[in-house]
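Pasting model-v6.cif here (mmCIF, C-alpha atoms and all ligand atoms):
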data_model
loop_
_atom_site.group_PDB
_atom_site.id
_atom_site.type_symbol
_atom_site.label_atom_id
_atom_site.label_comp_id
_atom_site.auth_asym_id
_atom_site.auth_seq_id
_atom_site.Cartn_x
_atom_site.Cartn_y
_atom_site.Cartn_z
ATOM 1 C CA MET A 1 3.628 -30.503 3.174
ATOM 2 C CA HIS A 2 2.897 -31.758 -0.354
ATOM 3 C CA LYS A 3 4.978 -30.259 -3.155
ATOM 4 C CA MET A 4 4.667 -29.641 -6.874
ATOM 5 C CA LYS A 5 7.368 -29.356 -9.505
ATOM 6 C CA LEU A 6 7.987 -26.076 -11.300
ATOM 7 C CA SER A 7 9.117 -25.813 -14.943
ATOM 8 C CA ASN A 8 12.787 -25.674 -13.893
ATOM 9 C CA GLY A 9 12.483 -28.823 -11.747
ATOM 10 C CA ILE A 10 12.467 -27.046 -8.365
ATOM 11 C CA GLU A 11 9.796 -28.270 -5.952
ATOM 12 C CA ILE A 12 7.451 -25.888 -4.169
ATOM 13 C CA PRO A 13 5.170 -26.639 -1.194
ATOM 14 C CA VAL A 14 1.593 -26.398 -2.473
ATOM 15 C CA ILE A 15 0.345 -23.978 0.210
ATOM 16 C CA GLY A 16 2.197 -20.907 1.472
ATOM 17 C CA LEU A 17 1.588 -18.615 4.434
ATOM 18 C CA GLY A 18 0.847 -15.056 3.263
ATOM 19 C CA VAL A 19 2.084 -12.222 5.492
ATOM 20 C CA TYR A 20 0.617 -9.140 3.823
ATOM 21 C CA GLN A 21 -0.762 -6.895 6.594
ATOM 22 C CA SER A 22 0.946 -8.976 9.291
ATOM 23 C CA GLU A 23 2.623 -6.399 11.479
ATOM 24 C CA PHE A 24 6.392 -6.093 11.722
ATOM 25 C CA GLY A 25 7.712 -7.722 14.909
ATOM 26 C CA GLU A 26 5.883 -10.074 17.215
ATOM 27 C CA GLN A 27 2.786 -10.535 15.066
ATOM 28 C CA THR A 28 4.674 -11.721 11.987
ATOM 29 C CA GLU A 29 7.255 -13.640 14.003
ATOM 30 C CA ASN A 30 4.487 -15.542 15.792
ATOM 31 C CA ALA A 31 2.576 -16.236 12.580
ATOM 32 C CA VAL A 32 5.671 -17.666 10.886
ATOM 33 C CA GLU A 33 6.627 -19.648 14.004
ATOM 34 C CA TRP A 34 3.127 -21.163 14.287
ATOM 35 C CA ALA A 35 3.031 -21.893 10.578
ATOM 36 C CA LEU A 36 6.346 -23.733 10.660
ATOM 37 C CA GLU A 37 5.216 -25.665 13.746
ATOM 38 C CA SER A 38 2.001 -26.687 11.963
ATOM 39 C CA GLY A 39 3.874 -27.964 8.913
ATOM 40 C CA TYR A 40 4.060 -25.008 6.501
ATOM 41 C CA ARG A 41 7.342 -24.828 4.612
ATOM 42 C CA HIS A 42 6.509 -21.902 2.326
ATOM 43 C CA ILE A 43 6.281 -18.216 3.313
ATOM 44 C CA ASP A 44 5.226 -15.380 1.012
ATOM 45 C CA THR A 45 6.444 -11.893 1.896
ATOM 46 C CA ALA A 46 7.427 -8.760 -0.062
ATOM 47 C CA LYS A 47 9.619 -5.720 0.503
ATOM 48 C CA ILE A 48 6.507 -3.514 0.581
ATOM 49 C CA TYR A 49 4.937 -5.537 3.433
ATOM 50 C CA GLY A 50 7.639 -4.169 5.752
ATOM 51 C CA ASN A 51 8.045 -7.446 7.622
ATOM 52 C CA GLU A 52 10.921 -9.252 5.872
ATOM 53 C CA GLN A 53 13.087 -8.818 8.976
ATOM 54 C CA SER A 54 10.459 -10.511 11.161
ATOM 55 C CA VAL A 55 10.033 -13.374 8.689
ATOM 56 C CA GLY A 56 13.804 -13.866 8.611
ATOM 57 C CA SER A 57 14.087 -13.835 12.404
ATOM 58 C CA ALA A 58 11.305 -16.406 12.827
ATOM 59 C CA ILE A 59 12.945 -18.711 10.285
ATOM 60 C CA LEU A 60 16.294 -18.390 12.035
ATOM 61 C CA LYS A 61 14.715 -19.077 15.422
ATOM 62 C CA SER A 62 12.998 -22.223 14.195
ATOM 63 C CA ASN A 63 15.044 -25.373 14.196
ATOM 64 C CA ILE A 64 14.194 -25.974 10.564
ATOM 65 C CA SER A 65 17.007 -25.959 8.088
ATOM 66 C CA ARG A 66 16.880 -23.007 5.674
ATOM 67 C CA LYS A 67 16.988 -25.366 2.697
ATOM 68 C CA ASP A 68 13.719 -26.952 3.830
ATOM 69 C CA ILE A 69 11.825 -23.645 3.706
ATOM 70 C CA PHE A 70 10.588 -22.095 0.475
ATOM 71 C CA LEU A 71 10.904 -18.340 0.930
ATOM 72 C CA THR A 72 9.428 -15.765 -1.440
ATOM 73 C CA THR A 73 9.871 -12.024 -1.596
ATOM 74 C CA LYS A 74 9.092 -9.424 -4.249
ATOM 75 C CA LEU A 75 10.694 -6.518 -6.071
ATOM 76 C CA TRP A 76 8.752 -3.315 -5.437
ATOM 77 C CA ASN A 77 7.557 -0.953 -8.171
ATOM 78 C CA ASN A 78 9.619 2.106 -7.186
ATOM 79 C CA ASP A 79 12.805 0.065 -7.217
ATOM 80 C CA ILE A 80 12.067 -0.850 -10.837
ATOM 81 C CA ARG A 81 11.217 2.731 -11.743
ATOM 82 C CA SER A 82 14.446 4.009 -10.197
ATOM 83 C CA GLY A 83 16.552 1.202 -11.667
ATOM 84 C CA LYS A 84 17.613 0.061 -8.155
ATOM 85 C CA MET A 85 16.717 -3.603 -8.656
ATOM 86 C CA LYS A 86 19.972 -5.106 -7.370
ATOM 87 C CA GLU A 87 20.093 -2.805 -4.373
ATOM 88 C CA ALA A 88 16.509 -3.752 -3.495
ATOM 89 C CA PHE A 89 17.277 -7.446 -3.814
ATOM 90 C CA ASN A 90 20.347 -7.173 -1.565
ATOM 91 C CA GLU A 91 18.366 -5.202 0.995
ATOM 92 C CA SER A 92 15.719 -7.948 1.024
ATOM 93 C CA LEU A 93 18.382 -10.620 1.530
ATOM 94 C CA GLU A 94 19.824 -8.661 4.427
ATOM 95 C CA LYS A 95 16.448 -8.203 6.109
ATOM 96 C CA LEU A 96 15.538 -11.849 5.544
ATOM 97 C CA GLN A 97 18.928 -12.805 7.023
ATOM 98 C CA THR A 98 19.669 -15.288 4.274
ATOM 99 C CA ASP A 99 21.983 -15.507 1.283
ATOM 100 C CA TYR A 100 19.403 -16.618 -1.288
ATOM 101 C CA VAL A 101 15.657 -16.588 -1.859
ATOM 102 C CA ASP A 102 13.685 -19.457 -3.279
ATOM 103 C CA LEU A 103 11.381 -17.235 -5.289
ATOM 104 C CA TYR A 104 11.730 -13.600 -6.328
ATOM 105 C CA LEU A 105 8.805 -11.943 -8.096
ATOM 106 C CA ILE A 106 8.317 -8.712 -9.987
ATOM 107 C CA HIS A 107 5.452 -7.453 -7.829
ATOM 108 C CA TRP A 108 3.480 -5.469 -10.475
ATOM 109 C CA PRO A 109 3.937 -4.960 -14.224
ATOM 110 C CA VAL A 110 5.274 -1.381 -13.982
ATOM 111 C CA GLN A 111 7.075 0.273 -16.851
ATOM 112 C CA GLY A 112 10.619 -1.114 -16.956
ATOM 113 C CA PHE A 113 9.648 -4.667 -16.061
ATOM 114 C CA THR A 114 11.609 -6.161 -18.964
ATOM 115 C CA GLU A 115 14.810 -4.464 -17.714
ATOM 116 C CA ALA A 116 13.992 -5.712 -14.215
ATOM 117 C CA TRP A 117 13.570 -9.218 -15.592
ATOM 118 C CA LYS A 118 17.137 -9.107 -16.969
ATOM 119 C CA VAL A 119 18.365 -8.440 -13.420
ATOM 120 C CA LEU A 120 16.270 -11.327 -12.068
ATOM 121 C CA GLU A 121 17.766 -13.598 -14.735
ATOM 122 C CA GLU A 122 21.285 -12.543 -13.756
ATOM 123 C CA LEU A 123 20.562 -13.256 -10.078
ATOM 124 C CA TYR A 124 19.006 -16.571 -11.082
ATOM 125 C CA PHE A 125 22.109 -17.560 -13.079
ATOM 126 C CA SER A 126 24.302 -16.586 -10.113
ATOM 127 C CA LYS A 127 22.137 -18.884 -7.920
ATOM 128 C CA LYS A 128 20.977 -16.174 -5.537
ATOM 129 C CA ILE A 129 17.411 -16.955 -6.563
ATOM 130 C CA LYS A 130 16.166 -20.484 -7.198
ATOM 131 C CA VAL A 131 12.963 -19.562 -9.010
ATOM 132 C CA ILE A 132 12.063 -16.329 -10.799
ATOM 133 C CA GLY A 133 8.581 -15.149 -11.542
ATOM 134 C CA VAL A 134 6.105 -12.350 -11.859
ATOM 135 C CA SER A 135 2.992 -11.196 -10.101
ATOM 136 C CA ASN A 136 -0.131 -9.491 -11.409
ATOM 137 C CA PHE A 137 0.865 -10.131 -15.020
ATOM 138 C CA HIS A 138 -1.891 -10.414 -17.609
ATOM 139 C CA GLN A 139 -1.532 -12.161 -20.953
ATOM 140 C CA ASN A 140 -0.320 -8.911 -22.584
ATOM 141 C CA HIS A 141 2.402 -8.416 -19.949
ATOM 142 C CA LEU A 142 3.499 -12.034 -20.264
ATOM 143 C CA SER A 143 3.837 -11.804 -24.040
ATOM 144 C CA GLU A 144 5.802 -8.571 -23.758
ATOM 145 C CA LEU A 145 8.111 -10.232 -21.234
ATOM 146 C CA ASP A 146 8.466 -13.276 -23.458
ATOM 147 C CA LYS A 147 9.995 -11.172 -26.234
ATOM 148 C CA ALA A 148 12.829 -9.992 -23.973
ATOM 149 C CA ALA A 149 13.325 -13.032 -21.769
ATOM 150 C CA THR A 150 15.976 -15.728 -21.906
ATOM 151 C CA VAL A 151 14.350 -17.580 -19.010
ATOM 152 C CA LYS A 152 10.578 -17.864 -18.926
ATOM 153 C CA PRO A 153 8.887 -16.986 -15.617
ATOM 154 C CA MET A 154 8.127 -20.103 -13.614
ATOM 155 C CA ILE A 155 5.393 -18.484 -11.521
ATOM 156 C CA ASN A 156 2.674 -15.875 -11.884
ATOM 157 C CA GLN A 157 1.089 -14.792 -8.578
ATOM 158 C CA ILE A 158 -2.357 -13.321 -9.199
ATOM 159 C CA GLU A 159 -5.619 -12.475 -7.470
ATOM 160 C CA SER A 160 -7.898 -15.501 -7.352
ATOM 161 C CA HIS A 161 -10.776 -16.514 -5.072
ATOM 162 C CA PRO A 162 -14.288 -17.812 -5.711
ATOM 163 C CA MET A 163 -15.760 -14.359 -6.543
ATOM 164 C CA PHE A 164 -12.948 -13.632 -8.997
ATOM 165 C CA ASN A 165 -11.562 -16.979 -9.983
ATOM 166 C CA ASN A 166 -9.409 -15.592 -12.806
ATOM 167 C CA GLN A 167 -9.679 -18.985 -14.507
ATOM 168 C CA GLU A 168 -8.983 -17.744 -18.025
ATOM 169 C CA LEU A 169 -5.627 -16.295 -16.995
ATOM 170 C CA ILE A 170 -4.876 -19.410 -14.959
ATOM 171 C CA ASP A 171 -5.574 -21.633 -17.983
ATOM 172 C CA TYR A 172 -3.347 -19.431 -20.146
ATOM 173 C CA CYS A 173 -0.474 -19.628 -17.627
ATOM 174 C CA GLN A 174 -0.830 -23.359 -17.128
ATOM 175 C CA GLU A 175 -0.724 -23.917 -20.908
ATOM 176 C CA GLN A 176 2.546 -21.959 -20.899
ATOM 177 C CA LYS A 177 3.898 -24.118 -18.013
ATOM 178 C CA ILE A 178 3.759 -21.133 -15.664
ATOM 179 C CA THR A 179 2.585 -22.227 -12.203
ATOM 180 C CA VAL A 180 -0.059 -19.978 -10.667
ATOM 181 C CA GLN A 181 -0.203 -18.781 -7.076
ATOM 182 C CA ALA A 182 -3.459 -17.308 -5.749
ATOM 183 C CA TRP A 183 -3.298 -14.138 -3.676
ATOM 184 C CA SER A 184 -6.216 -13.181 -1.432
ATOM 185 C CA PRO A 185 -7.480 -16.769 -1.796
ATOM 186 C CA LEU A 186 -9.965 -16.167 1.039
ATOM 187 C CA GLY A 187 -11.029 -12.839 -0.408
ATOM 188 C CA GLY A 188 -8.548 -10.737 1.575
ATOM 189 C CA ASN A 189 -9.188 -8.643 4.616
ATOM 190 C CA GLY A 190 -12.723 -7.351 5.184
ATOM 191 C CA THR A 191 -14.758 -9.248 2.561
ATOM 192 C CA ASN A 192 -17.389 -11.857 3.380
ATOM 193 C CA ILE A 193 -16.475 -14.456 0.795
ATOM 194 C CA ILE A 194 -15.876 -17.167 3.370
ATOM 195 C CA SER A 195 -19.384 -16.741 4.747
ATOM 196 C CA ASN A 196 -20.842 -17.767 1.378
ATOM 197 C CA GLU A 197 -23.633 -20.307 1.898
ATOM 198 C CA ILE A 198 -22.600 -22.684 -0.871
ATOM 199 C CA LEU A 199 -19.016 -22.850 0.400
ATOM 200 C CA ASN A 200 -20.315 -23.554 3.906
ATOM 201 C CA GLU A 201 -22.725 -26.162 2.617
ATOM 202 C CA ILE A 202 -19.948 -27.961 0.712
ATOM 203 C CA GLY A 203 -17.727 -27.764 3.796
ATOM 204 C CA LYS A 204 -20.369 -29.380 6.016
ATOM 205 C CA LYS A 205 -20.283 -32.556 3.913
ATOM 206 C CA TYR A 206 -16.629 -33.032 4.814
ATOM 207 C CA ASN A 207 -16.654 -31.441 8.258
ATOM 208 C CA LYS A 208 -14.491 -28.615 6.911
ATOM 209 C CA SER A 209 -14.724 -24.820 7.017
ATOM 210 C CA SER A 210 -15.416 -22.714 3.932
ATOM 211 C CA ALA A 211 -11.802 -21.478 4.111
ATOM 212 C CA GLN A 212 -10.590 -25.079 3.909
ATOM 213 C CA VAL A 213 -12.946 -25.703 0.980
ATOM 214 C CA ILE A 214 -11.461 -22.736 -0.910
ATOM 215 C CA ILE A 215 -7.925 -23.887 -0.189
ATOM 216 C CA ARG A 216 -8.741 -27.421 -1.358
ATOM 217 C CA TRP A 217 -10.455 -26.057 -4.498
ATOM 218 C CA ASN A 218 -7.177 -24.309 -5.371
ATOM 219 C CA LEU A 219 -5.126 -27.468 -4.910
ATOM 220 C CA GLN A 220 -7.479 -29.418 -7.167
ATOM 221 C CA ARG A 221 -7.056 -26.860 -9.954
ATOM 222 C CA ASN A 222 -3.250 -26.972 -9.492
ATOM 223 C CA VAL A 223 -3.091 -23.472 -8.050
ATOM 224 C CA ILE A 224 -0.950 -22.665 -5.008
ATOM 225 C CA PRO A 225 -2.980 -20.676 -2.450
ATOM 226 C CA LEU A 226 -1.255 -18.269 -0.038
ATOM 227 C CA PRO A 227 -3.751 -17.829 2.813
ATOM 228 C CA LYS A 228 -2.762 -15.157 5.326
ATOM 229 C CA SER A 229 -3.531 -15.433 8.994
ATOM 230 C CA VAL A 230 -2.010 -14.222 12.243
ATOM 231 C CA ASN A 231 -4.275 -16.474 14.294
ATOM 232 C CA LYS A 232 -2.700 -19.724 15.538
ATOM 233 C CA ASN A 233 -5.798 -21.898 15.077
ATOM 234 C CA ARG A 234 -6.626 -20.518 11.643
ATOM 235 C CA ILE A 235 -3.030 -20.908 10.478
ATOM 236 C CA LYS A 236 -3.169 -24.549 11.495
ATOM 237 C CA SER A 237 -6.603 -25.262 10.043
ATOM 238 C CA ASN A 238 -5.761 -23.641 6.698
ATOM 239 C CA ILE A 239 -3.410 -26.541 5.888
ATOM 240 C CA GLU A 240 -5.683 -29.307 7.179
ATOM 241 C CA VAL A 241 -6.875 -29.926 3.651
ATOM 242 C CA PHE A 242 -5.132 -33.115 2.631
ATOM 243 C CA ASP A 243 -7.695 -35.551 4.023
ATOM 244 C CA PHE A 244 -10.648 -34.865 1.731
ATOM 245 C CA ASN A 245 -11.442 -34.495 -1.964
ATOM 246 C CA LEU A 246 -13.967 -32.169 -3.558
ATOM 247 C CA THR A 247 -16.093 -33.902 -6.172
ATOM 248 C CA ASP A 248 -16.320 -32.602 -9.748
ATOM 249 C CA GLU A 249 -19.747 -31.263 -8.848
ATOM 250 C CA ASP A 250 -18.373 -29.364 -5.812
ATOM 251 C CA MET A 251 -15.624 -27.922 -8.001
ATOM 252 C CA MET A 252 -18.208 -26.815 -10.563
ATOM 253 C CA ARG A 253 -20.422 -25.203 -7.921
ATOM 254 C CA ILE A 254 -17.455 -23.219 -6.617
ATOM 255 C CA ASN A 255 -16.465 -22.206 -10.164
ATOM 256 C CA GLU A 256 -20.021 -20.976 -10.692
ATOM 257 C CA LEU A 257 -19.680 -18.525 -7.776
ATOM 258 C CA ASN A 258 -17.473 -16.363 -9.988
ATOM 259 C CA GLU A 259 -18.793 -12.800 -10.175
ATOM 260 C CA PHE A 260 -15.739 -11.243 -11.867
ATOM 261 C CA LYS A 261 -15.392 -9.117 -8.720
ATOM 262 C CA ARG A 262 -11.836 -8.199 -7.812
ATOM 263 C CA VAL A 263 -10.897 -7.262 -4.263
ATOM 264 C CA GLY A 264 -7.599 -5.742 -5.397
ATOM 265 C CA PRO A 265 -6.398 -3.430 -8.168
ATOM 266 C CA ASN A 266 -6.605 -4.320 -11.844
ATOM 267 C CA PRO A 267 -3.071 -4.913 -13.208
ATOM 268 C CA ASP A 268 -4.037 -3.008 -16.370
ATOM 269 C CA ASP A 269 -4.998 0.058 -14.366
ATOM 270 C CA PHE A 270 -3.245 0.604 -11.049
ATOM 271 C CA LYS A 271 -1.809 3.791 -9.645
ATOM 272 C CA PHE A 272 1.096 2.968 -7.370
HETATM 273 N N1 LIG B 301 1.263 -10.307 -5.243
HETATM 274 C C1 LIG B 301 0.374 -9.450 -4.820
HETATM 275 O O1 LIG B 301 0.143 -8.371 -5.398
HETATM 276 C C2 LIG B 301 -0.405 -9.784 -3.598
HETATM 277 C C3 LIG B 301 -1.534 -9.031 -3.245
HETATM 278 C C4 LIG B 301 -2.240 -9.396 -2.097
HETATM 279 C C5 LIG B 301 -1.820 -10.480 -1.347
HETATM 280 N N2 LIG B 301 -0.704 -11.191 -1.699
HETATM 281 C C6 LIG B 301 -0.235 -12.371 -0.920
HETATM 282 O O2 LIG B 301 -1.338 -13.253 -0.720
HETATM 283 C C7 LIG B 301 -1.529 -13.446 0.681
HETATM 284 C C8 LIG B 301 -2.989 -13.683 1.008
HETATM 285 O O3 LIG B 301 -3.791 -12.604 0.617
HETATM 286 P P1 LIG B 301 -4.495 -11.624 1.672
HETATM 287 O O4 LIG B 301 -3.598 -11.472 2.828
HETATM 288 O O5 LIG B 301 -4.884 -10.399 0.925
HETATM 289 O O6 LIG B 301 -5.828 -12.328 2.073
HETATM 290 P P2 LIG B 301 -6.458 -13.783 2.380
HETATM 291 O O7 LIG B 301 -5.430 -14.764 2.711
HETATM 292 O O8 LIG B 301 -7.408 -14.051 1.283
HETATM 293 O O9 LIG B 301 -7.346 -13.431 3.657
HETATM 294 C C9 LIG B 301 -6.788 -13.015 4.835
HETATM 295 C C10 LIG B 301 -7.924 -12.676 5.787
HETATM 296 O O10 LIG B 301 -8.671 -13.848 6.108
HETATM 297 C C11 LIG B 301 -8.618 -14.100 7.503
HETATM 298 N N3 LIG B 301 -8.509 -15.561 7.650
HETATM 299 C C12 LIG B 301 -7.444 -16.359 7.389
HETATM 300 N N4 LIG B 301 -7.753 -17.654 7.585
HETATM 301 C C13 LIG B 301 -9.037 -17.687 7.990
HETATM 302 C C14 LIG B 301 -9.920 -18.742 8.344
HETATM 303 N N5 LIG B 301 -9.537 -20.006 8.325
HETATM 304 N N6 LIG B 301 -11.182 -18.404 8.731
HETATM 305 C C15 LIG B 301 -11.577 -17.115 8.755
HETATM 306 N N7 LIG B 301 -10.788 -16.079 8.417
HETATM 307 C C16 LIG B 301 -9.522 -16.360 8.030
HETATM 308 C C17 LIG B 301 -7.420 -13.332 8.008
HETATM 309 O O11 LIG B 301 -7.608 -12.912 9.343
HETATM 310 P P3 LIG B 301 -6.589 -13.349 10.541
HETATM 311 O O12 LIG B 301 -5.197 -12.960 10.120
HETATM 312 O O13 LIG B 301 -7.084 -12.578 11.708
HETATM 313 O O14 LIG B 301 -6.766 -14.848 10.684
HETATM 314 C C18 LIG B 301 -7.426 -12.112 7.082
HETATM 315 O O15 LIG B 301 -8.339 -11.141 7.522
HETATM 316 C C19 LIG B 301 -0.966 -12.157 1.283
HETATM 317 O O16 LIG B 301 -0.766 -12.245 2.681
HETATM 318 C C20 LIG B 301 0.276 -11.973 0.463
HETATM 319 O O17 LIG B 301 1.306 -12.850 0.906
HETATM 320 C C21 LIG B 301 -0.005 -10.855 -2.811
#
Would you mind giving the structure from this file in structure tokens?
Ligand SMILES: NC(=O)c1ccc[n+]([C@@H]2O[C@H](COP(=O)([O-])OP(=O)(O)OC[C@H]3O[C@@H](n4cnc5c(N)ncnc54)[C@H](OP(=O)(O)O)[C@@H]3O)[C@@H](O)[C@H]2O)c1
Amino acid sequence: MHKMKLSNGIEIPVIGLGVYQSEFGEQTENAVEWALESGYRHIDTAKIYGNEQSVGSAILKSNISRKDIFLTTKLWNNDIRSGKMKEAFNESLEKLQTDYVDLYLIHWPVQGFTEAWKVLEELYFSKKIKVIGVSNFHQNHLSELDKAATVKPMINQIESHPMFNNQELIDYCQEQKITVQAWSPLGGNGTNIISNEILNEIGKKYNKSSAQVIIRWNLQRNVIPLPKSVNKNRIKSNIEVFDFNLTDEDMMRINELNEFKRVGPNPDDFKF
């Protein structure tokens, strides 16, 4: 798996397996096992997904050394609101059956995120987290964080797919040396983004699916996509994207699909 360097020098595999809505137990364990077999070395979970234990078990069962897997989890909103950040982190470590995480993210910009960031910094300095970052942060949240932070976030994980490419925020982050990860890169569960005609048409030129085209489009704009699948063949095909290049014209056509249509909540107005 290809890697890119983050602002603190740590390398991250450029595609990660998402496990949101992968069920606890066999379903998630299988997905992670198949992903590792196919060559993924990057898994994206969160406390709120309820499957950290299954991710941890699958990693342990694989014969891959822990240090060769980039593992992400996230700090949930209520744990920030109740000031239980350290407890939540330790619980995640226990479920993941590991003594460090590669990436820990503040999941949403809830009130108290600057205090939470201080805890992430402390855990980062004590080497229990290799990379610290945020998720669903807009420019205003990032500037507020900047005022309180000693360490700048290395990652911002945000919604991005062809119907909501979020390019302005991506450009802003990249100018600030914050690497962007795309959540719901395929449009999430239950949308029909991957059946878009233009994406299919571009894919046909390279004998690739529209999902592979979207994943490749992300790589070419230096964004790390986190496609989720629990299907063995789709998991495998979602990383078969290193043997073709989209032209500038293809990239432009995909950029032009943007309809400013989110599939998830707006980080400036969410109620959980
Ligand atoms: N930070 C955040 O707030 C946040 C929010 C949402 C998501 N995320 C992260 O981002 C990851 C991805 O987002 P997501 O899970 O919402 O959606 P997604 O990856 O955009 O789409 C997943 C959907 O696409 C299907 N799929 C996957 N590969 C396919 C392919 N090659 N062809 C056709 N269908 C395919 C999956 O079905 P099957 O499983 O049946 O293949 C599933 O229904 C999450 O799992 C999570 O790790 C983070």
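Excluding Phe242 in chain A itself and same-chain residues fewer than 2 positions from it, the residues having an atom within 9 Å of it are His2, Arg216, Ile239, Glu240, Phe244 and Asn245 of chain A, counting only C-alpha atoms.
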Within-7 Å residues of ligand LIG 301 (chain B), basis all atoms listed in the file, as number ranges by chain: A: 17-21, 44-45, 107-108, 135-136, 157-159, 182-190, 194, 211-212, 226-231, 234-235, 237-238
Place a sphere of radius 9 Å on (0.0, -27.3, 13.1) in the file coordinates and name every protein, DNA or RNA residue with an atom inside or on its surface, counting only C-alpha atoms; give the answer as a list of chain:residue names.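 Those within range, by chain then number, are A:Trp34, A:Ala35, A:Leu36, A:Glu37, A:Ser38, A:Gly39, A:Tyr40, A:Lys232, A:Asn233, A:Ile235, A:Lys236, A:Ser237, A:Ile239, A:Glu240.
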Could the residues in this selection be saved with C-alpha atoms as a PDB file, in the coordinates of the input?
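Dumped to out-v5.pdb:
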ATOM      1  CA  TRP A  34       3.127 -21.163  14.287  1.00  0.00           C
ATOM      2  CA  ALA A  35       3.031 -21.893  10.578  1.00  0.00           C
ATOM      3  CA  LEU A  36       6.346 -23.733  10.660  1.00  0.00           C
ATOM      4  CA  GLU A  37       5.216 -25.665  13.746  1.00  0.00           C
ATOM      5  CA  SER A  38       2.001 -26.687  11.963  1.00  0.00           C
ATOM      6  CA  GLY A  39       3.874 -27.964   8.913  1.00  0.00           C
ATOM      7  CA  TYR A  40       4.060 -25.008   6.501  1.00  0.00           C
ATOM      8  CA  LYS A 232      -2.700 -19.724  15.538  1.00  0.00           C
ATOM      9  CA  ASN A 233      -5.798 -21.898  15.077  1.00  0.00           C
ATOM     10  CA  ILE A 235      -3.030 -20.908  10.478  1.00  0.00           C
ATOM     11  CA  LYS A 236      -3.169 -24.549  11.495  1.00  0.00           C
ATOM     12  CA  SER A 237      -6.603 -25.262  10.043  1.00  0.00           C
ATOM     13  CA  ILE A 239      -3.410 -26.541   5.888  1.00  0.00           C
ATOM     14  CA  GLU A 240      -5.683 -29.307   7.179  1.00  0.00           C
TER      15      GLU A 240
END
Residues matched by the PyMOL selection byres (((chain A and resi 50) around 12) and not hetatm), written as a list in words: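 Matching residues under the PyMOL selection byres (((chain A and resi 50) around 12) and not hetatm) are Val19, Tyr20, Gln21, Ser22, Glu23, Phe24, Gly25, Thr28, Thr45, Ala46, Lys47, Ile48, Tyr49, Asn51, Glu52, Gln53, Ser54, Val55, Gly56, Thr73, Lys74, Trp76, Glu91, Ser92, Lys95 and Leu96 of chain A.
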CA of Asp146 in chain A and CA of Lys127 in chain A are how many Å apart? 21.4 Å
Would you mind putting N, CA and C atoms back on range 156-167 of chain A and writing the result as a compact mmCIF listing (two decimals), in the coordinates of the input?
# COMPACT_ATOMS: atom_id res chain seq x y z
N ASN A 156 3.41 -17.14 -11.85
CA ASN A 156 2.67 -15.88 -11.88
C ASN A 156 1.75 -15.87 -10.67
N GLN A 157 1.92 -14.89 -9.80
CA GLN A 157 1.09 -14.79 -8.58
C GLN A 157 0.00 -13.75 -8.83
N ILE A 158 -1.26 -14.20 -8.80
CA ILE A 158 -2.36 -13.32 -9.20
C ILE A 158 -3.54 -13.41 -8.22
N GLU A 159 -4.41 -12.42 -8.30
CA GLU A 159 -5.62 -12.48 -7.47
C GLU A 159 -6.50 -13.63 -7.94
N SER A 160 -6.93 -14.45 -7.00
CA SER A 160 -7.90 -15.50 -7.35
C SER A 160 -8.59 -16.03 -6.10
N HIS A 161 -9.91 -16.00 -6.15
CA HIS A 161 -10.78 -16.51 -5.07
C HIS A 161 -12.12 -16.79 -5.73
N PRO A 162 -13.05 -17.40 -5.03
CA PRO A 162 -14.29 -17.81 -5.71
C PRO A 162 -15.08 -16.68 -6.39
N MET A 163 -14.99 -15.45 -5.91
CA MET A 163 -15.76 -14.36 -6.54
C MET A 163 -15.03 -13.76 -7.74
N PHE A 164 -13.75 -14.08 -7.85
CA PHE A 164 -12.95 -13.63 -9.00
C PHE A 164 -11.95 -14.75 -9.26
N ASN A 165 -12.42 -15.79 -9.93
CA ASN A 165 -11.56 -16.98 -9.98
C ASN A 165 -10.41 -16.85 -10.98
N ASN A 166 -10.52 -15.88 -11.90
CA ASN A 166 -9.41 -15.59 -12.81
C ASN A 166 -9.01 -16.82 -13.63
N GLN A 167 -9.99 -17.68 -13.90
CA GLN A 167 -9.68 -18.98 -14.51
C GLN A 167 -9.05 -18.87 -15.91
